[in-house]
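**Q** Have a look at the structure that comes next, please.
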Amino acid sequence: MAILITKWFGTFLVDEKNNRIIDKRLMPSDANETAEKLASIQRGSILPEEKELAEKFPKVYVSDRRQSELGKIMFFDSSFITPEDFGFDSARMHEIMIRLGKLRTSEPIPRDKNLVLAIRSLDDLIGTANLLNERLHEWYGMHFPELADIAKDQRYASLISKFGDRNSVLEELGVELESIGSEFNDTDLIAVRSLADTLCKIYEDKELKEIYISNLVNEICPNMCALLEGPLSARLISLAGGLQRLSSLPSSTIQLLGAEKAMFRHLRSGKKPPKHGVIYQHPGVHRAPYWQRGKIARTLAGKILIAAKVDAYEGSYIGDVLKQELDARIEDIKRRYPDPPKPSKGQNNGKKKKGNKARR
């Protein structure tokens with residue numbers, strides 16, 4: 001029985017019974033060529049040398065899942081094949097690995113990786129904006145507490161950044177009122193306006209990041225956007241760690257992405273498991289009655305998986321078909337389950353049974 005083994009210094013065809021090397025193809029003497037072949041292996045490709053050796057036997061086993069199309073996978077201890085026996089030493093390995101590292105780091109980055117990092121940076125901006133907004137309200141509220149009822153969020157910060165003192169803000173708003181706030185001197189106003197200016201820049205950066213994410217997600221996953229719209233599609237890709245990984249997940253995992261804490265709580269304490277994660281934001285799920293949401297979320301997760309696979313492998317656009325099928329299934333669920341389920345006999349909805357007390 002022959003087993004195909006690939007190491008950094010070559011590909012070997014080994015007789016499993018006596019650990020004898022039947023045939024071999026060593027890596028090129030040039031370090032750059034060897035690094036390119038190793039990079040191809042890391043990407044999941046099969047080398048021509050591997051195909052050539054595998055064709056020598058009608059039935060070949062392989063030791064790497066990457067080679068599964070050449071034969072059945074089998075664990076095999078190949079530690080007896082050492083590089084020194086074929087003229088490769090540690091210095092040569094060091095040179096090849098340095099070239100390999102440089103080659104892999106210079107490869108083009110998939111667009112979905114940019115999307116993942118953009119979503120995470122947007123989350124950071126939102127968290128920072130909320131924190132600074134709270135601090136600005138607390139600080140400027142000592143001078144003009146009534147402004148919080150007139151302006152919100154970005155408008156609130158913008159008024160403080162541009163005008164500063166209470167009277168100038170009131171004049172800009174065209175409002176007349178008597179404030180109960182204390183007076184700030186010029187130094188205090190400069191400091192609080194600096195904070196407001198920083199917050200305004202964060203809000204502007206947040207808007208630019210949202211536009212970038214919206215354009216990017218529509219470009220890389222049009223089928224998912226047809227089902228979920230851009231923001232929710234981007235959020236799912238971010239939670240999964242990339243479009244390629246999202247397409248490899250089972251639909252049950254996609255259904256619960258974003259509900260990991262609730263799932264662990266269920267596993268620890270035995271509480272009810274979650275029926276959906278971040279896909280709850282989809283209108284078809286959160287607008288449905290509670291007894292229909294689990295079924296709709298399960299259907300939606302299945303359609304998301306199909307759309308993610310098509311987008312990941314750059315297939316044709318089928319988003320409109322998937323959306324029609326989803327809408328039809330949602331209508332079918334609503335028609336078949338119009339009323340909430342009746343409690344089982346063992347359930348009493350937490351109410352104590354009424355009855356006559358036993359007479360003594």
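Letters A, B, ... go to the chains of the structure tokens in the order shown; residues in each chain start at 1; ligands are counted from 1 in the same order.
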Residues of range 98-186 of chain A that have any atom at most 7 Å from an atom of range 205-229 of chain A: could you tabulate them with the shortest-distance atom pair and the distance in Å to one decimal, using only C-alpha atoms, ordered by chain and increasing number, as CSV?

**A**
```
residue,atom,partner,partner_atom,distance
A:Leu115,CA,A:Ile213,CA,6.5
A:Ala118,CA,A:Ile213,CA,6.8
A:Leu122,CA,A:Lys206,CA,6.4
A:Leu125,CA,A:Lys206,CA,6.3
```

**Q** Residues as selected, N, CA and C atoms, written as a PDB file, in the first residue's frame, can you do that?

**A**
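Below is the file result-v9.pdb, written as the result:
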```pdb
ATOM      1  N   LEU A 115     -13.563  44.253   4.938  1.00  0.00           N
ATOM      2  CA  LEU A 115     -14.905  44.474   5.470  1.00  0.00           C
ATOM      3  C   LEU A 115     -14.968  44.125   6.952  1.00  0.00           C
ATOM      4  N   ALA A 118     -13.251  46.814   8.856  1.00  0.00           N
ATOM      5  CA  ALA A 118     -14.030  48.056   8.800  1.00  0.00           C
ATOM      6  C   ALA A 118     -15.197  48.012   9.778  1.00  0.00           C
ATOM      7  N   LEU A 122     -15.725  50.371  12.970  1.00  0.00           N
ATOM      8  CA  LEU A 122     -16.974  51.106  13.157  1.00  0.00           C
ATOM      9  C   LEU A 122     -17.531  50.884  14.562  1.00  0.00           C
ATOM     10  N   LEU A 125     -15.592  53.039  16.848  1.00  0.00           N
ATOM     11  CA  LEU A 125     -15.992  54.437  16.738  1.00  0.00           C
ATOM     12  C   LEU A 125     -17.309  54.691  17.468  1.00  0.00           C
TER      13      LEU A 125
END
```

**Q** Show which residues sit within 8 Å of Asp64 in chain A, as a PyMOL selection string. Count only C-alpha atoms, and ignore same-chain residues fewer than 2 positions away.

**A** chain A and resi 5+62+66-68+73

**Q** What's around range 30-35 of chain A at 12 Å? Count only C-alpha atoms, leave out sequence neighbours fewer than 6 positions away in its own chain, and write the answer as a list in words.

**A**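 The filter keeps Lys7, Trp8, Phe9, Gly10, Thr11, Ile41, Gln42, Leu47, Phe88, Ala91, Arg92, Met93, His94, Glu95, Ile96, Met97, Ile98, Arg99, Leu100, Gly101, Lys102, Leu103 and Arg104 of chain A.
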
**Q** Let me see the file: selected residues, N, CA and C atoms, as a PDB file, in the first residue's frame.

**A**
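Full text of selection-v7.pdb as output:
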```pdb
ATOM      1  N   LYS A   7       6.565  16.986   2.205  1.00  0.00           N
ATOM      2  CA  LYS A   7       7.262  17.762   3.215  1.00  0.00           C
ATOM      3  C   LYS A   7       7.849  19.006   2.565  1.00  0.00           C
ATOM      4  N   TRP A   8       8.460  19.864   3.369  1.00  0.00           N
ATOM      5  CA  TRP A   8       8.956  21.127   2.835  1.00  0.00           C
ATOM      6  C   TRP A   8      10.101  20.939   1.850  1.00  0.00           C
ATOM      7  N   PHE A   9      10.710  19.763   1.874  1.00  0.00           N
ATOM      8  CA  PHE A   9      11.854  19.525   1.002  1.00  0.00           C
ATOM      9  C   PHE A   9      11.558  18.541  -0.135  1.00  0.00           C
ATOM     10  N   GLY A  10      10.289  18.063  -0.207  1.00  0.00           N
ATOM     11  CA  GLY A  10       9.974  17.173  -1.318  1.00  0.00           C
ATOM     12  C   GLY A  10       8.693  16.385  -1.111  1.00  0.00           C
ATOM     13  N   THR A  11       8.306  15.633  -2.165  1.00  0.00           N
ATOM     14  CA  THR A  11       7.129  14.767  -2.140  1.00  0.00           C
ATOM     15  C   THR A  11       7.601  13.334  -2.293  1.00  0.00           C
ATOM     16  N   ILE A  41       0.901  25.121  -1.685  1.00  0.00           N
ATOM     17  CA  ILE A  41       0.380  24.090  -0.774  1.00  0.00           C
ATOM     18  C   ILE A  41      -0.454  24.726   0.322  1.00  0.00           C
ATOM     19  N   GLN A  42       0.026  25.837   0.891  1.00  0.00           N
ATOM     20  CA  GLN A  42      -0.713  26.512   1.958  1.00  0.00           C
ATOM     21  C   GLN A  42      -2.050  27.058   1.457  1.00  0.00           C
ATOM     22  N   LEU A  47       0.232  19.955  -5.971  1.00  0.00           N
ATOM     23  CA  LEU A  47       1.385  20.160  -6.822  1.00  0.00           C
ATOM     24  C   LEU A  47       1.398  19.172  -7.980  1.00  0.00           C
ATOM     25  N   PHE A  88      19.268  18.586   2.474  1.00  0.00           N
ATOM     26  CA  PHE A  88      18.657  19.824   2.979  1.00  0.00           C
ATOM     27  C   PHE A  88      19.011  19.967   4.455  1.00  0.00           C
ATOM     28  N   ALA A  91      19.944  25.479   7.705  1.00  0.00           N
ATOM     29  CA  ALA A  91      20.205  26.788   7.090  1.00  0.00           C
ATOM     30  C   ALA A  91      19.370  26.947   5.820  1.00  0.00           C
ATOM     31  N   ARG A  92      19.256  25.876   5.051  1.00  0.00           N
ATOM     32  CA  ARG A  92      18.450  25.920   3.827  1.00  0.00           C
ATOM     33  C   ARG A  92      16.976  26.103   4.175  1.00  0.00           C
ATOM     34  N   MET A  93      16.513  25.415   5.212  1.00  0.00           N
ATOM     35  CA  MET A  93      15.121  25.567   5.629  1.00  0.00           C
ATOM     36  C   MET A  93      14.848  26.996   6.085  1.00  0.00           C
ATOM     37  N   HIS A  94      15.797  27.582   6.828  1.00  0.00           N
ATOM     38  CA  HIS A  94      15.628  28.959   7.302  1.00  0.00           C
ATOM     39  C   HIS A  94      15.502  29.919   6.128  1.00  0.00           C
ATOM     40  N   GLU A  95      16.325  29.747   5.109  1.00  0.00           N
ATOM     41  CA  GLU A  95      16.270  30.608   3.931  1.00  0.00           C
ATOM     42  C   GLU A  95      14.943  30.470   3.201  1.00  0.00           C
ATOM     43  N   ILE A  96      14.474  29.243   3.050  1.00  0.00           N
ATOM     44  CA  ILE A  96      13.209  29.007   2.337  1.00  0.00           C
ATOM     45  C   ILE A  96      12.037  29.593   3.108  1.00  0.00           C
ATOM     46  N   MET A  97      12.030  29.431   4.428  1.00  0.00           N
ATOM     47  CA  MET A  97      10.916  29.933   5.225  1.00  0.00           C
ATOM     48  C   MET A  97      10.868  31.457   5.251  1.00  0.00           C
ATOM     49  N   ILE A  98      12.041  32.095   5.204  1.00  0.00           N
ATOM     50  CA  ILE A  98      12.077  33.556   5.117  1.00  0.00           C
ATOM     51  C   ILE A  98      11.450  34.005   3.793  1.00  0.00           C
ATOM     52  N   ARG A  99      11.826  33.340   2.701  1.00  0.00           N
ATOM     53  CA  ARG A  99      11.249  33.675   1.391  1.00  0.00           C
ATOM     54  C   ARG A  99       9.744  33.400   1.369  1.00  0.00           C
ATOM     55  N   LEU A 100       9.341  32.308   2.004  1.00  0.00           N
ATOM     56  CA  LEU A 100       7.919  31.966   2.051  1.00  0.00           C
ATOM     57  C   LEU A 100       7.132  33.020   2.820  1.00  0.00           C
ATOM     58  N   GLY A 101       7.670  33.466   3.952  1.00  0.00           N
ATOM     59  CA  GLY A 101       6.990  34.492   4.746  1.00  0.00           C
ATOM     60  C   GLY A 101       6.820  35.783   3.986  1.00  0.00           C
ATOM     61  N   LYS A 102       7.867  36.203   3.276  1.00  0.00           N
ATOM     62  CA  LYS A 102       7.773  37.425   2.477  1.00  0.00           C
ATOM     63  C   LYS A 102       6.773  37.272   1.341  1.00  0.00           C
ATOM     64  N   LEU A 103       6.745  36.094   0.748  1.00  0.00           N
ATOM     65  CA  LEU A 103       5.827  35.853  -0.371  1.00  0.00           C
ATOM     66  C   LEU A 103       4.377  35.896   0.078  1.00  0.00           C
ATOM     67  N   ARG A 104       4.083  35.253   1.223  1.00  0.00           N
ATOM     68  CA  ARG A 104       2.685  35.201   1.686  1.00  0.00           C
ATOM     69  C   ARG A 104       2.192  36.552   2.179  1.00  0.00           C
TER      70      ARG A 104
END
```

**Q** Quick one: residues within 9 Å of range 173-185 of chain A, only C-alpha atoms counted, chain neighbours fewer than 2 positions away excluded, as a list in words?

**A**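 Once the nearby chain positions are removed, what remains is Gly141, Met142, His143, Phe144, Pro145, Glu146, Ile150, Asp165, Arg166, Ser168, Val169, Leu170, Glu171, Thr187, Asp188, Leu189 and Ile190 of chain A.
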
**Q** Run DSSP on the backbone and tell me which residues of range 17-211 of chain A come out as strand (DSSP E); list them as a list in words.

**A** Arg20, Ile21, Ile22, Asp23, Lys24, Arg25, Leu26, Val60, Tyr61, Val62, Lys72 and Ile73 of chain A

**Q** What does the file look like for those residues with N, CA and C atoms, as a short mmCIF file (atom, residue, chain, number, x, y, z; two decimals), in the first residue's frame?

**A**
```cif
data_model
loop_
_atom_site.label_atom_id
_atom_site.label_comp_id
_atom_site.auth_asym_id
_atom_site.auth_seq_id
_atom_site.Cartn_x
_atom_site.Cartn_y
_atom_site.Cartn_z
N ARG A 20 9.47 2.07 3.20
CA ARG A 20 10.45 2.22 2.12
C ARG A 20 9.96 3.27 1.13
N ILE A 21 10.85 4.17 0.74
CA ILE A 21 10.51 5.20 -0.24
C ILE A 21 10.52 4.59 -1.63
N ILE A 22 9.35 4.56 -2.25
CA ILE A 22 9.23 3.99 -3.59
C ILE A 22 9.74 4.95 -4.65
N ASP A 23 9.33 6.21 -4.52
CA ASP A 23 9.73 7.24 -5.49
C ASP A 23 9.66 8.60 -4.78
N LYS A 24 10.32 9.58 -5.37
CA LYS A 24 10.34 10.90 -4.73
C LYS A 24 10.51 11.99 -5.77
N ARG A 25 10.10 13.21 -5.38
CA ARG A 25 10.32 14.42 -6.17
C ARG A 25 10.78 15.50 -5.19
N LEU A 26 12.04 15.84 -5.22
CA LEU A 26 12.58 16.82 -4.30
C LEU A 26 12.24 18.23 -4.75
N VAL A 60 -3.87 4.92 -4.03
CA VAL A 60 -2.88 5.63 -3.22
C VAL A 60 -3.59 6.27 -2.03
N TYR A 61 -2.97 6.18 -0.88
CA TYR A 61 -3.44 6.88 0.32
C TYR A 61 -2.66 8.18 0.47
N VAL A 62 -3.28 9.15 1.12
CA VAL A 62 -2.63 10.44 1.33
C VAL A 62 -2.66 10.77 2.82
N LYS A 72 -7.54 8.24 -0.50
CA LYS A 72 -8.16 8.23 0.82
C LYS A 72 -7.17 8.70 1.88
N ILE A 73 -7.66 9.49 2.84
CA ILE A 73 -6.79 10.05 3.88
C ILE A 73 -6.46 8.97 4.91
#
```

**Q** Apply DSSP to the structure's backbone, then extract all residues of range 134-248 of chain A labelled helix (DSSP H, G or I) and return them as a PyMOL selection string.

**A** chain A and resi 134-140+147-150+153-163+166-173+186-220+222-228+230-240+243-248

**Q** Okay, now the selection with C-alpha atoms, as a PDB file, in the first residue's frame?

**A**
```pdb
ATOM      1  CA  GLU A 134     -21.812  60.943  27.791  1.00  0.00           C
ATOM      2  CA  ARG A 135     -18.794  62.860  29.092  1.00  0.00           C
ATOM      3  CA  LEU A 136     -19.703  65.956  27.056  1.00  0.00           C
ATOM      4  CA  HIS A 137     -23.275  65.956  28.400  1.00  0.00           C
ATOM      5  CA  GLU A 138     -21.976  65.683  31.946  1.00  0.00           C
ATOM      6  CA  TRP A 139     -19.412  68.458  31.464  1.00  0.00           C
ATOM      7  CA  TYR A 140     -21.349  70.982  29.366  1.00  0.00           C
ATOM      8  CA  LEU A 147     -29.482  71.964  25.593  1.00  0.00           C
ATOM      9  CA  ALA A 148     -29.783  68.190  26.022  1.00  0.00           C
ATOM     10  CA  ASP A 149     -33.565  68.526  25.520  1.00  0.00           C
ATOM     11  CA  ILE A 150     -33.158  70.615  22.356  1.00  0.00           C
ATOM     12  CA  ASP A 153     -25.913  63.464  19.519  1.00  0.00           C
ATOM     13  CA  GLN A 154     -24.038  65.031  16.580  1.00  0.00           C
ATOM     14  CA  ARG A 155     -26.122  68.227  16.598  1.00  0.00           C
ATOM     15  CA  TYR A 156     -25.426  68.642  20.325  1.00  0.00           C
ATOM     16  CA  ALA A 157     -21.666  68.333  19.849  1.00  0.00           C
ATOM     17  CA  SER A 158     -21.687  70.549  16.757  1.00  0.00           C
ATOM     18  CA  LEU A 159     -23.409  73.449  18.540  1.00  0.00           C
ATOM     19  CA  ILE A 160     -20.935  73.343  21.409  1.00  0.00           C
ATOM     20  CA  SER A 161     -17.939  73.055  19.075  1.00  0.00           C
ATOM     21  CA  LYS A 162     -18.982  76.006  16.892  1.00  0.00           C
ATOM     22  CA  PHE A 163     -20.493  78.434  19.428  1.00  0.00           C
ATOM     23  CA  ARG A 166     -24.768  79.418  26.262  1.00  0.00           C
ATOM     24  CA  ASN A 167     -25.895  82.740  24.798  1.00  0.00           C
ATOM     25  CA  SER A 168     -24.314  82.067  21.396  1.00  0.00           C
ATOM     26  CA  VAL A 169     -25.951  78.626  21.230  1.00  0.00           C
ATOM     27  CA  LEU A 170     -29.362  80.100  22.130  1.00  0.00           C
ATOM     28  CA  GLU A 171     -28.949  82.762  19.463  1.00  0.00           C
ATOM     29  CA  GLU A 172     -28.125  80.115  16.845  1.00  0.00           C
ATOM     30  CA  LEU A 173     -31.163  78.063  17.843  1.00  0.00           C
ATOM     31  CA  ASP A 186     -13.039  81.249  28.798  1.00  0.00           C
ATOM     32  CA  THR A 187     -10.547  78.531  29.739  1.00  0.00           C
ATOM     33  CA  ASP A 188     -13.343  76.118  30.672  1.00  0.00           C
ATOM     34  CA  LEU A 189     -15.182  76.811  27.409  1.00  0.00           C
ATOM     35  CA  ILE A 190     -12.045  76.204  25.343  1.00  0.00           C
ATOM     36  CA  ALA A 191     -11.566  72.812  27.008  1.00  0.00           C
ATOM     37  CA  VAL A 192     -15.167  71.684  26.579  1.00  0.00           C
ATOM     38  CA  ARG A 193     -15.269  72.929  22.973  1.00  0.00           C
ATOM     39  CA  SER A 194     -12.138  70.896  22.254  1.00  0.00           C
ATOM     40  CA  LEU A 195     -13.919  67.776  23.512  1.00  0.00           C
ATOM     41  CA  ALA A 196     -16.979  68.615  21.389  1.00  0.00           C
ATOM     42  CA  ASP A 197     -14.772  69.134  18.332  1.00  0.00           C
ATOM     43  CA  THR A 198     -13.177  65.711  18.840  1.00  0.00           C
ATOM     44  CA  LEU A 199     -16.617  64.139  19.107  1.00  0.00           C
ATOM     45  CA  CYS A 200     -17.752  65.863  15.882  1.00  0.00           C
ATOM     46  CA  LYS A 201     -14.760  64.420  14.018  1.00  0.00           C
ATOM     47  CA  ILE A 202     -15.606  60.945  15.314  1.00  0.00           C
ATOM     48  CA  TYR A 203     -19.193  61.317  14.098  1.00  0.00           C
ATOM     49  CA  GLU A 204     -17.925  62.395  10.671  1.00  0.00           C
ATOM     50  CA  ASP A 205     -15.504  59.464  10.516  1.00  0.00           C
ATOM     51  CA  LYS A 206     -18.337  57.142  11.529  1.00  0.00           C
ATOM     52  CA  GLU A 207     -20.501  58.369   8.629  1.00  0.00           C
ATOM     53  CA  LEU A 208     -17.643  57.899   6.144  1.00  0.00           C
ATOM     54  CA  LYS A 209     -16.991  54.410   7.476  1.00  0.00           C
ATOM     55  CA  GLU A 210     -20.669  53.483   7.093  1.00  0.00           C
ATOM     56  CA  ILE A 211     -20.642  54.645   3.454  1.00  0.00           C
ATOM     57  CA  TYR A 212     -17.460  52.652   2.786  1.00  0.00           C
ATOM     58  CA  ILE A 213     -18.933  49.518   4.384  1.00  0.00           C
ATOM     59  CA  SER A 214     -22.186  49.873   2.466  1.00  0.00           C
ATOM     60  CA  ASN A 215     -20.377  50.156  -0.889  1.00  0.00           C
ATOM     61  CA  LEU A 216     -17.966  47.332  -0.108  1.00  0.00           C
ATOM     62  CA  VAL A 217     -20.567  44.852   1.120  1.00  0.00           C
ATOM     63  CA  ASN A 218     -22.738  45.411  -1.952  1.00  0.00           C
ATOM     64  CA  GLU A 219     -19.699  44.732  -4.115  1.00  0.00           C
ATOM     65  CA  ILE A 220     -18.485  41.488  -2.518  1.00  0.00           C
ATOM     66  CA  PRO A 222     -24.707  41.042  -3.659  1.00  0.00           C
ATOM     67  CA  ASN A 223     -26.761  37.903  -2.990  1.00  0.00           C
ATOM     68  CA  MET A 224     -26.541  38.314   0.776  1.00  0.00           C
ATOM     69  CA  CYS A 225     -27.440  41.996   0.452  1.00  0.00           C
ATOM     70  CA  ALA A 226     -30.555  41.033  -1.503  1.00  0.00           C
ATOM     71  CA  LEU A 227     -31.673  38.983   1.507  1.00  0.00           C
ATOM     72  CA  LEU A 228     -30.428  41.077   4.418  1.00  0.00           C
ATOM     73  CA  GLY A 230     -25.886  45.810   3.556  1.00  0.00           C
ATOM     74  CA  PRO A 231     -25.461  46.508   7.308  1.00  0.00           C
ATOM     75  CA  LEU A 232     -26.739  43.126   8.473  1.00  0.00           C
ATOM     76  CA  SER A 233     -24.737  41.285   5.790  1.00  0.00           C
ATOM     77  CA  ALA A 234     -21.586  43.084   6.909  1.00  0.00           C
ATOM     78  CA  ARG A 235     -22.327  42.270  10.553  1.00  0.00           C
ATOM     79  CA  LEU A 236     -22.699  38.553   9.820  1.00  0.00           C
ATOM     80  CA  ILE A 237     -19.461  38.455   7.821  1.00  0.00           C
ATOM     81  CA  SER A 238     -17.681  40.221  10.680  1.00  0.00           C
ATOM     82  CA  LEU A 239     -19.028  37.792  13.287  1.00  0.00           C
ATOM     83  CA  ALA A 240     -17.987  34.811  11.167  1.00  0.00           C
ATOM     84  CA  LEU A 243     -17.131  35.579   3.830  1.00  0.00           C
ATOM     85  CA  GLN A 244     -15.250  32.362   3.062  1.00  0.00           C
ATOM     86  CA  ARG A 245     -15.659  31.116   6.625  1.00  0.00           C
ATOM     87  CA  LEU A 246     -19.303  32.162   6.739  1.00  0.00           C
ATOM     88  CA  SER A 247     -19.959  30.058   3.641  1.00  0.00           C
ATOM     89  CA  SER A 248     -18.411  27.023   5.363  1.00  0.00           C
TER      90      SER A 248
END
```
